[in-house]
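Text of the file work32.json, holding JSON, C-alpha atoms:
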[["chain", "number", "residue", "atom", "x", "y", "z"],
["A", 8, "MET", "CA", 0.00, 0.00, 0.00],
["A", 9, "ASN", "CA", 1.23, 3.51, -0.80],
["A", 10, "THR", "CA", 2.80, 5.32, 2.19],
["A", 11, "TYR", "CA", 0.55, 8.35, 1.76],
["A", 12, "VAL", "CA", -2.62, 6.27, 1.66],
["A", 13, "LYS", "CA", -1.43, 4.23, 4.64],
["A", 14, "ASN", "CA", -0.72, 7.40, 6.67],
["A", 15, "LEU", "CA", -4.04, 8.96, 5.64],
["A", 16, "PHE", "CA", -5.82, 5.81, 6.84],
["A", 17, "LYS", "CA", -3.82, 5.91, 10.10],
["A", 18, "PHE", "CA", -4.70, 9.61, 10.56],
["A", 19, "CYS", "CA", -8.41, 8.95, 10.08],
["A", 20, "LEU", "CA", -8.37, 5.90, 12.37],
["A", 21, "ILE", "CA", -6.52, 7.63, 15.21],
["A", 22, "VAL", "CA", -8.49, 10.89, 15.06],
["A", 23, "LEU", "CA", -11.81, 9.03, 14.85],
["A", 24, "LEU", "CA", -10.76, 6.81, 17.77],
["A", 25, "GLN", "CA", -9.95, 9.96, 19.74],
["A", 26, "VAL", "CA", -13.06, 11.99, 18.98],
["A", 27, "LEU", "CA", -15.68, 9.24, 18.83],
["A", 28, "ILE", "CA", -14.54, 6.95, 21.64],
["A", 29, "LEU", "CA", -11.86, 8.40, 23.91],
["A", 30, "ASN", "CA", -13.41, 11.86, 24.21],
["A", 31, "LYS", "CA", -16.52, 10.19, 25.63],
["A", 32, "ILE", "CA", -14.55, 8.34, 28.33],
["A", 33, "THR", "CA", -14.18, 10.24, 31.57],
["A", 34, "LEU", "CA", -11.44, 8.88, 33.78],
["A", 35, "ARG", "CA", -10.79, 9.93, 37.34],
["A", 36, "TRP", "CA", -7.64, 9.06, 39.23],
["A", 37, "TRP", "CA", -8.93, 11.00, 42.23],
["A", 38, "ALA", "CA", -12.13, 12.82, 43.20],
["A", 39, "GLN", "CA", -12.41, 16.31, 41.81],
["A", 40, "PRO", "CA", -14.80, 18.90, 43.27],
["A", 41, "GLY", "CA", -17.90, 19.40, 41.17],
["A", 42, "GLY", "CA", -17.81, 15.91, 39.68],
["A", 43, "PHE", "CA", -16.25, 17.02, 36.39],
["A", 44, "PRO", "CA", -13.98, 14.56, 34.60],
["A", 45, "VAL", "CA", -10.33, 15.06, 35.44],
["A", 46, "PHE", "CA", -8.98, 14.19, 32.01],
["A", 47, "ILE", "CA", -9.48, 12.40, 28.74],
["A", 48, "PRO", "CA", -6.67, 10.16, 27.44],
["A", 49, "PHE", "CA", -5.11, 11.55, 24.26],
["A", 50, "VAL", "CA", -3.84, 9.08, 21.66],
["A", 51, "TYR", "CA", -4.07, 11.36, 18.62],
["A", 52, "PRO", "CA", -0.37, 12.49, 18.95],
["A", 53, "LEU", "CA", 0.49, 8.90, 18.01],
["A", 54, "PHE", "CA", -0.14, 9.85, 14.37],
["A", 55, "ILE", "CA", 2.80, 12.29, 14.46],
["A", 56, "LEU", "CA", 4.95, 9.84, 16.42],
["A", 57, "LEU", "CA", 4.47, 7.09, 13.81],
["A", 58, "LEU", "CA", 5.24, 9.13, 10.69],
["A", 59, "PRO", "CA", 8.26, 7.93, 8.65],
["A", 60, "PHE", "CA", 11.76, 8.91, 9.77],
["A", 61, "GLU", "CA", 12.43, 10.94, 6.62],
["A", 62, "THR", "CA", 9.42, 13.23, 7.12],
["A", 63, "SER", "CA", 10.76, 16.80, 7.03],
["A", 64, "VAL", "CA", 10.26, 19.19, 9.94],
["A", 65, "PRO", "CA", 8.04, 21.59, 7.91],
["A", 66, "ALA", "CA", 5.83, 18.66, 6.88],
["A", 67, "LEU", "CA", 5.72, 17.49, 10.51],
["A", 68, "LEU", "CA", 4.67, 20.97, 11.65],
["A", 69, "ILE", "CA", 1.88, 21.15, 9.07],
["A", 70, "LEU", "CA", 0.66, 17.65, 9.86],
["A", 71, "GLY", "CA", 0.88, 18.41, 13.59],
["A", 72, "PHE", "CA", -1.26, 21.49, 13.12],
["A", 73, "VAL", "CA", -3.81, 19.62, 11.00],
["A", 74, "THR", "CA", -3.99, 16.78, 13.52],
["A", 75, "GLY", "CA", -4.35, 19.13, 16.49],
["A", 76, "ILE", "CA", -6.90, 21.41, 14.84],
["A", 77, "SER", "CA", -8.95, 18.36, 13.81],
["A", 78, "VAL", "CA", -9.25, 17.36, 17.46],
["A", 79, "ASP", "CA", -9.83, 21.00, 18.47],
["A", 80, "ILE", "CA", -12.82, 21.21, 16.14],
["A", 81, "PHE", "CA", -14.51, 18.26, 17.84],
["A", 82, "MET", "CA", -13.55, 19.23, 21.39],
["A", 83, "ASN", "CA", -14.12, 22.99, 21.04],
["A", 84, "THR", "CA", -10.73, 23.78, 22.61],
["A", 85, "ALA", "CA", -9.71, 26.82, 20.53],
["A", 86, "GLY", "CA", -6.34, 25.67, 19.25],
["A", 87, "MET", "CA", -4.90, 24.18, 22.43],
["A", 88, "HIS", "CA", -4.50, 20.73, 20.86],
["A", 89, "ALA", "CA", -2.99, 22.29, 17.74],
["A", 90, "CYS", "CA", -0.41, 24.18, 19.82],
["A", 91, "ALA", "CA", 0.58, 21.11, 21.83],
["A", 92, "THR", "CA", 0.77, 18.89, 18.75],
["A", 93, "VAL", "CA", 2.89, 21.40, 16.82],
["A", 94, "LEU", "CA", 5.32, 21.44, 19.77],
["A", 95, "LEU", "CA", 5.44, 17.64, 19.70],
["A", 96, "ALA", "CA", 6.02, 17.66, 15.92],
["A", 97, "TYR", "CA", 8.80, 20.23, 16.27],
["A", 98, "LEU", "CA", 10.66, 18.23, 18.94],
["A", 99, "ARG", "CA", 10.14, 14.80, 17.34],
["A", 100, "THR", "CA", 13.19, 14.90, 15.05],
["A", 101, "ASN", "CA", 15.54, 16.02, 17.83],
["A", 102, "VAL", "CA", 14.32, 13.29, 20.19],
["A", 103, "LEU", "CA", 14.74, 10.64, 17.49],
["A", 104, "ASN", "CA", 18.25, 11.90, 16.67],
["A", 105, "ALA", "CA", 19.14, 11.66, 20.37],
["A", 106, "LEU", "CA", 17.80, 8.09, 20.69],
["A", 107, "LEU", "CA", 18.92, 6.47, 17.44],
["A", 108, "PRO", "CA", 22.50, 5.43, 16.69],
["A", 109, "LYS", "CA", 22.45, 6.71, 13.09],
["A", 110, "ASN", "CA", 21.16, 9.80, 11.31],
["A", 111, "LEU", "CA", 17.46, 9.65, 10.40],
["A", 112, "SER", "CA", 18.25, 9.79, 6.66],
["A", 113, "GLU", "CA", 19.93, 6.39, 7.02],
["A", 114, "TYR", "CA", 16.56, 4.74, 7.72],
["A", 115, "PRO", "CA", 14.80, 4.91, 4.34],
["A", 116, "ASN", "CA", 11.15, 3.88, 4.16],
["A", 117, "GLN", "CA", 10.97, 3.14, 7.88],
["A", 118, "SER", "CA", 8.85, 4.59, 10.66],
["A", 119, "PRO", "CA", 9.42, 4.78, 14.39],
["A", 120, "GLY", "CA", 7.63, 1.99, 16.09],
["A", 121, "VAL", "CA", 7.95, -1.13, 18.14],
["A", 122, "LYS", "CA", 8.67, -3.16, 15.04],
["A", 123, "ASN", "CA", 11.70, -1.05, 14.08],
["A", 124, "MET", "CA", 12.95, 0.26, 17.43],
["A", 125, "GLY", "CA", 11.93, -2.33, 19.99],
["A", 126, "TRP", "CA", 9.68, -1.71, 22.98],
["A", 127, "MET", "CA", 11.97, 0.18, 25.34],
["A", 128, "PRO", "CA", 13.38, 2.79, 22.89],
["A", 129, "PHE", "CA", 9.90, 3.38, 21.47],
["A", 130, "LEU", "CA", 8.36, 3.78, 24.93],
["A", 131, "VAL", "CA", 11.09, 6.26, 25.93],
["A", 132, "TYR", "CA", 10.60, 8.20, 22.67],
["A", 133, "SER", "CA", 6.81, 8.27, 22.82],
["A", 134, "GLY", "CA", 6.59, 8.69, 26.60],
["A", 135, "PHE", "CA", 8.87, 11.73, 26.61],
["A", 136, "LEU", "CA", 7.02, 13.43, 23.76],
["A", 137, "ILE", "CA", 3.58, 12.56, 25.18],
["A", 138, "LEU", "CA", 4.65, 14.03, 28.53],
["A", 139, "LEU", "CA", 5.75, 17.27, 26.83],
["A", 140, "HIS", "CA", 2.54, 17.36, 24.77],
["A", 141, "HIS", "CA", 0.40, 16.95, 27.88],
["A", 142, "ALA", "CA", 2.43, 19.52, 29.81],
["A", 143, "MET", "CA", 1.82, 22.10, 27.06],
["A", 144, "PHE", "CA", -1.87, 21.23, 26.69],
["A", 145, "PHE", "CA", -2.75, 21.27, 30.39],
["A", 146, "THR", "CA", -0.71, 24.41, 31.04],
["A", 147, "LEU", "CA", -2.71, 26.13, 28.29],
["A", 148, "GLU", "CA", -5.95, 24.64, 29.59],
["A", 149, "LEU", "CA", -5.47, 25.76, 33.19],
["A", 150, "TRP", "CA", -3.57, 28.95, 32.24],
["A", 151, "SER", "CA", -2.36, 29.33, 35.79],
["A", 152, "LEU", "CA", 0.45, 28.04, 37.92],
["A", 153, "ASN", "CA", -1.39, 28.86, 41.16],
["A", 154, "ASN", "CA", -2.03, 25.20, 41.88],
["A", 155, "ILE", "CA", 1.14, 23.61, 40.49],
["A", 156, "GLY", "CA", 0.53, 20.32, 42.32],
["A", 157, "TYR", "CA", -2.84, 19.87, 40.64],
["A", 158, "LEU", "CA", -1.30, 20.73, 37.26],
["A", 159, "LEU", "CA", 1.57, 18.25, 37.68],
["A", 160, "LEU", "CA", -0.75, 15.51, 38.89],
["A", 161, "LYS", "CA", -3.06, 16.10, 35.94],
["A", 162, "ILE", "CA", -0.12, 16.00, 33.48],
["A", 163, "VAL", "CA", 1.37, 12.82, 34.92],
["A", 164, "ALA", "CA", -1.93, 10.95, 35.36],
["A", 165, "SER", "CA", -3.02, 11.87, 31.85],
["A", 166, "ALA", "CA", 0.33, 10.96, 30.30],
["A", 167, "VAL", "CA", 0.42, 7.57, 32.04],
["A", 168, "THR", "CA", -3.13, 6.77, 30.97],
["A", 169, "SER", "CA", -2.48, 7.98, 27.42],
["A", 170, "MET", "CA", 0.61, 5.76, 27.22],
["A", 171, "LEU", "CA", -1.48, 2.77, 28.36],
["A", 172, "PHE", "CA", -3.96, 3.46, 25.55],
["A", 173, "ILE", "CA", -1.09, 3.93, 23.07],
["A", 174, "VAL", "CA", 0.42, 0.57, 24.06],
["A", 175, "ALA", "CA", -3.02, -1.03, 23.65],
["A", 176, "TYR", "CA", -3.32, 0.58, 20.19],
["A", 177, "LEU", "CA", 0.12, -0.72, 19.22],
["A", 178, "LEU", "CA", -0.67, -4.23, 20.44],
["A", 179, "LEU", "CA", -3.92, -4.25, 18.47],
["A", 180, "PHE", "CA", -2.80, -2.63, 15.23],
["A", 181, "THR", "CA", 0.90, -3.46, 14.85],
["A", 182, "ARG", "CA", 2.26, -6.66, 13.43],
["A", 183, "GLN", "CA", 5.06, -7.96, 15.63],
["A", 184, "SER", "CA", 8.45, -8.54, 14.02],
["A", 185, "SER", "CA", 11.93, -9.13, 15.33],
["A", 186, "SER", "CA", 13.68, -6.69, 12.95],
["A", 187, "ARG", "CA", 15.11, -3.70, 14.78],
["A", 188, "ILE", "CA", 17.25, -0.72, 13.94]]
As structure tokens, the full file:
Amino acid sequence: MNTYVKNLFKFCLIVLLQVLILNKITLRWWAQPGGFPVFIPFVYPLFILLLPFETSVPALLILGFVTGISVDIFMNTAGMHACATVLLAYLRTNVLNALLPKNLSEYPNQSPGVKNMGWMPFLVYSGFLILLHHAMFFTLELWSLNNIGYLLLKIVASAVTSMLFIVAYLLLFTRQSSSRI
């Protein structure tokens, strides 16, 4: 299957999974006053994380904006997802360069993932970027550092839960192989 068609299908699947299923799930790690949901797990950044290694930074930024604004439209969050996803897209190449032994151009037609990187490097890569994404999103959402403990707890609880959903997604939709970088 063509890489563009495959990535378009992956984009649609992940964004639809986020807006139709995960946005309806309200998870609480602790009781919050007023009974409002504490957070919703975000798996849509996985689309940016799984793009091929050779994807250029300008293309990543555009795709990050499109992915984030797509979720913003459904969640009525006024660009907060777009901002956080563009940050993730901007930092993605630097994080991959720090984790991988070779330059990204030496991995033609490959994408970051469990199949190519193995579980531990992929979890470090995705976990770090998901944590930064959530930190940006929740800082924008709360727009205050008055209650820094609440903000940090919300970031960490959401990132951990999002990573659990991302691992579940990878187990369901990724063919296992022993080839690694």
Considering all atoms listed in the file, return as a compact mmCIF listing (two decimals) with C-alpha atoms, keeping the file's coordinate frame whatever protein or nucleic-acid residues lie within 8 Å of range 143-155 of chain A, sequence-local ones (same chain, fewer than 3 positions apart) excluded.
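Here's the written file result-v2.txt:
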# COMPACT_ATOMS: atom_id res chain seq x y z
CA MET A 87 -4.90 24.18 22.43
CA HIS A 88 -4.50 20.73 20.86
CA CYS A 90 -0.41 24.18 19.82
CA ALA A 91 0.58 21.11 21.83
CA LEU A 139 5.75 17.27 26.83
CA HIS A 140 2.54 17.36 24.77
CA LEU A 158 -1.30 20.73 37.26
CA LEU A 159 1.57 18.25 37.68
CA LYS A 161 -3.06 16.10 35.94
CA ILE A 162 -0.12 16.00 33.48
List as JSON lines every residue of range 96-133 of chain A that is in contact with range 69-80 of chain A, defined as an atom at most 12 Å from one of its atoms (using all atoms listed in the file), together with the nearest atom pair and the distance in Å rounded to one decimal, sorted by chain and then rising number.
{"residue": "A:Ala96", "atom": "CA", "partner": "A:Gly71", "partner_atom": "CA", "distance": 5.7}
{"residue": "A:Tyr97", "atom": "CA", "partner": "A:Gly71", "partner_atom": "CA", "distance": 8.6}
{"residue": "A:Leu98", "atom": "CA", "partner": "A:Gly71", "partner_atom": "CA", "distance": 11.1}
{"residue": "A:Arg99", "atom": "CA", "partner": "A:Gly71", "partner_atom": "CA", "distance": 10.6}
Exercise for the section: Write out as an MDAnalysis selection string each polymer residue whose atoms come within 9 Å of Lys31 in chain A, counting all atoms listed in the file; drop sequence neighbours fewer than 5 positions from it. Expected result: chainID A and resid 25:26 47
Practice task
May I have the residues within 10 Å of Leu171 in chain A as a PyMOL selection string, using only C-alpha atoms and disregarding those fewer than 6 positions away in the same chain?
Solution key: chain A and resi 48+50+165+177
Problem - One-decimal distance in Å that lies between CA of Pro119 in chain A and CA of Leu160 in chain A - result: 28.6 Å
Problem - Selection near Ser169 in chain A, 10 Å with only C-alpha atoms, sequence-local residues under 6 positions removed, as a ChimeraX atom specification - result: /A:47-53,134,137-138,141,163,175
Restricted to C-alpha atoms, what would the selected residues look like written as an mmCIF file, in the coordinates of the input?
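Final file, result_25.cif:
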data_model
loop_
_atom_site.group_PDB
_atom_site.id
_atom_site.type_symbol
_atom_site.label_atom_id
_atom_site.label_comp_id
_atom_site.auth_asym_id
_atom_site.auth_seq_id
_atom_site.Cartn_x
_atom_site.Cartn_y
_atom_site.Cartn_z
ATOM 1 C CA ILE A 47 -9.480 12.400 28.740
ATOM 2 C CA PRO A 48 -6.670 10.160 27.440
ATOM 3 C CA PHE A 49 -5.110 11.550 24.260
ATOM 4 C CA VAL A 50 -3.840 9.080 21.660
ATOM 5 C CA TYR A 51 -4.070 11.360 18.620
ATOM 6 C CA PRO A 52 -0.370 12.490 18.950
ATOM 7 C CA LEU A 53 0.490 8.900 18.010
ATOM 8 C CA GLY A 134 6.590 8.690 26.600
ATOM 9 C CA ILE A 137 3.580 12.560 25.180
ATOM 10 C CA LEU A 138 4.650 14.030 28.530
ATOM 11 C CA HIS A 141 0.400 16.950 27.880
ATOM 12 C CA VAL A 163 1.370 12.820 34.920
ATOM 13 C CA ALA A 175 -3.020 -1.030 23.650
#
Practice task
State, in Å with one decimal place, the distance from CA of Glu61 in chain A to CA of Val174 in chain A.
Solution key: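 CA of Val174 in chain A lies 23.6 Å from CA of Glu61 in chain A.
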Handout entry: Coordinates-based distance that separates CA of Met170 in chain A from CA of Val12 in chain A (Å, one decimal)
Key =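 CA of Met170 in chain A lies 25.8 Å from CA of Val12 in chain A.
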Handout entry: Nearest candidate to Lys17 in chain A (options A:Pro115, A:Phe46, A:Leu29, A:Phe54; using only C-alpha atoms)
Key =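 Of the candidates, the smallest distance to Lys17 in chain A is held by A:Phe54.
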Which residues, protein or nucleic acid, reach to within 12 Å of (19.3, 9.4, 18.7) in the file's coordinates when using all atoms listed in the file, and can you give that as an mmCIF file with C-alpha atoms, keeping the file's coordinate frame?
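Written out: point.cif:
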data_model
loop_
_atom_site.group_PDB
_atom_site.id
_atom_site.type_symbol
_atom_site.label_atom_id
_atom_site.label_comp_id
_atom_site.auth_asym_id
_atom_site.auth_seq_id
_atom_site.Cartn_x
_atom_site.Cartn_y
_atom_site.Cartn_z
ATOM 1 C CA PHE A 60 11.760 8.910 9.770
ATOM 2 C CA ARG A 99 10.140 14.800 17.340
ATOM 3 C CA THR A 100 13.190 14.900 15.050
ATOM 4 C CA ASN A 101 15.540 16.020 17.830
ATOM 5 C CA VAL A 102 14.320 13.290 20.190
ATOM 6 C CA LEU A 103 14.740 10.640 17.490
ATOM 7 C CA ASN A 104 18.250 11.900 16.670
ATOM 8 C CA ALA A 105 19.140 11.660 20.370
ATOM 9 C CA LEU A 106 17.800 8.090 20.690
ATOM 10 C CA LEU A 107 18.920 6.470 17.440
ATOM 11 C CA PRO A 108 22.500 5.430 16.690
ATOM 12 C CA LYS A 109 22.450 6.710 13.090
ATOM 13 C CA ASN A 110 21.160 9.800 11.310
ATOM 14 C CA LEU A 111 17.460 9.650 10.400
ATOM 15 C CA PRO A 119 9.420 4.780 14.390
ATOM 16 C CA MET A 124 12.950 0.260 17.430
ATOM 17 C CA PRO A 128 13.380 2.790 22.890
ATOM 18 C CA PHE A 129 9.900 3.380 21.470
ATOM 19 C CA VAL A 131 11.090 6.260 25.930
ATOM 20 C CA TYR A 132 10.600 8.200 22.670
ATOM 21 C CA ILE A 188 17.250 -0.720 13.940
#
Completion exercise
From the list A:Leu67, A:Thr181, A:Thr168, A:Leu24, the nearest residue to Thr92 in chain A using only C-alpha atoms is A:Leu67
Handout entry: Given only C-alpha atoms as the counted atoms, nearest of A:Leu57, A:Gly125, A:Val64, A:Val93 to Leu15 in chain A
Key = A:Leu57
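Residues surrounding Asn14 in chain A within 12 Å are Met8, Asn9, Thr10, Tyr11, Lys17, Phe18, Cys19, Leu20, Ile21, Val22, Leu53, Phe54, Ile55, Leu56, Leu57, Leu58, Pro59, Thr62, Leu70 and Ser118 of chain A [all atoms listed in the file; sequence separation below 3 positions excluded].
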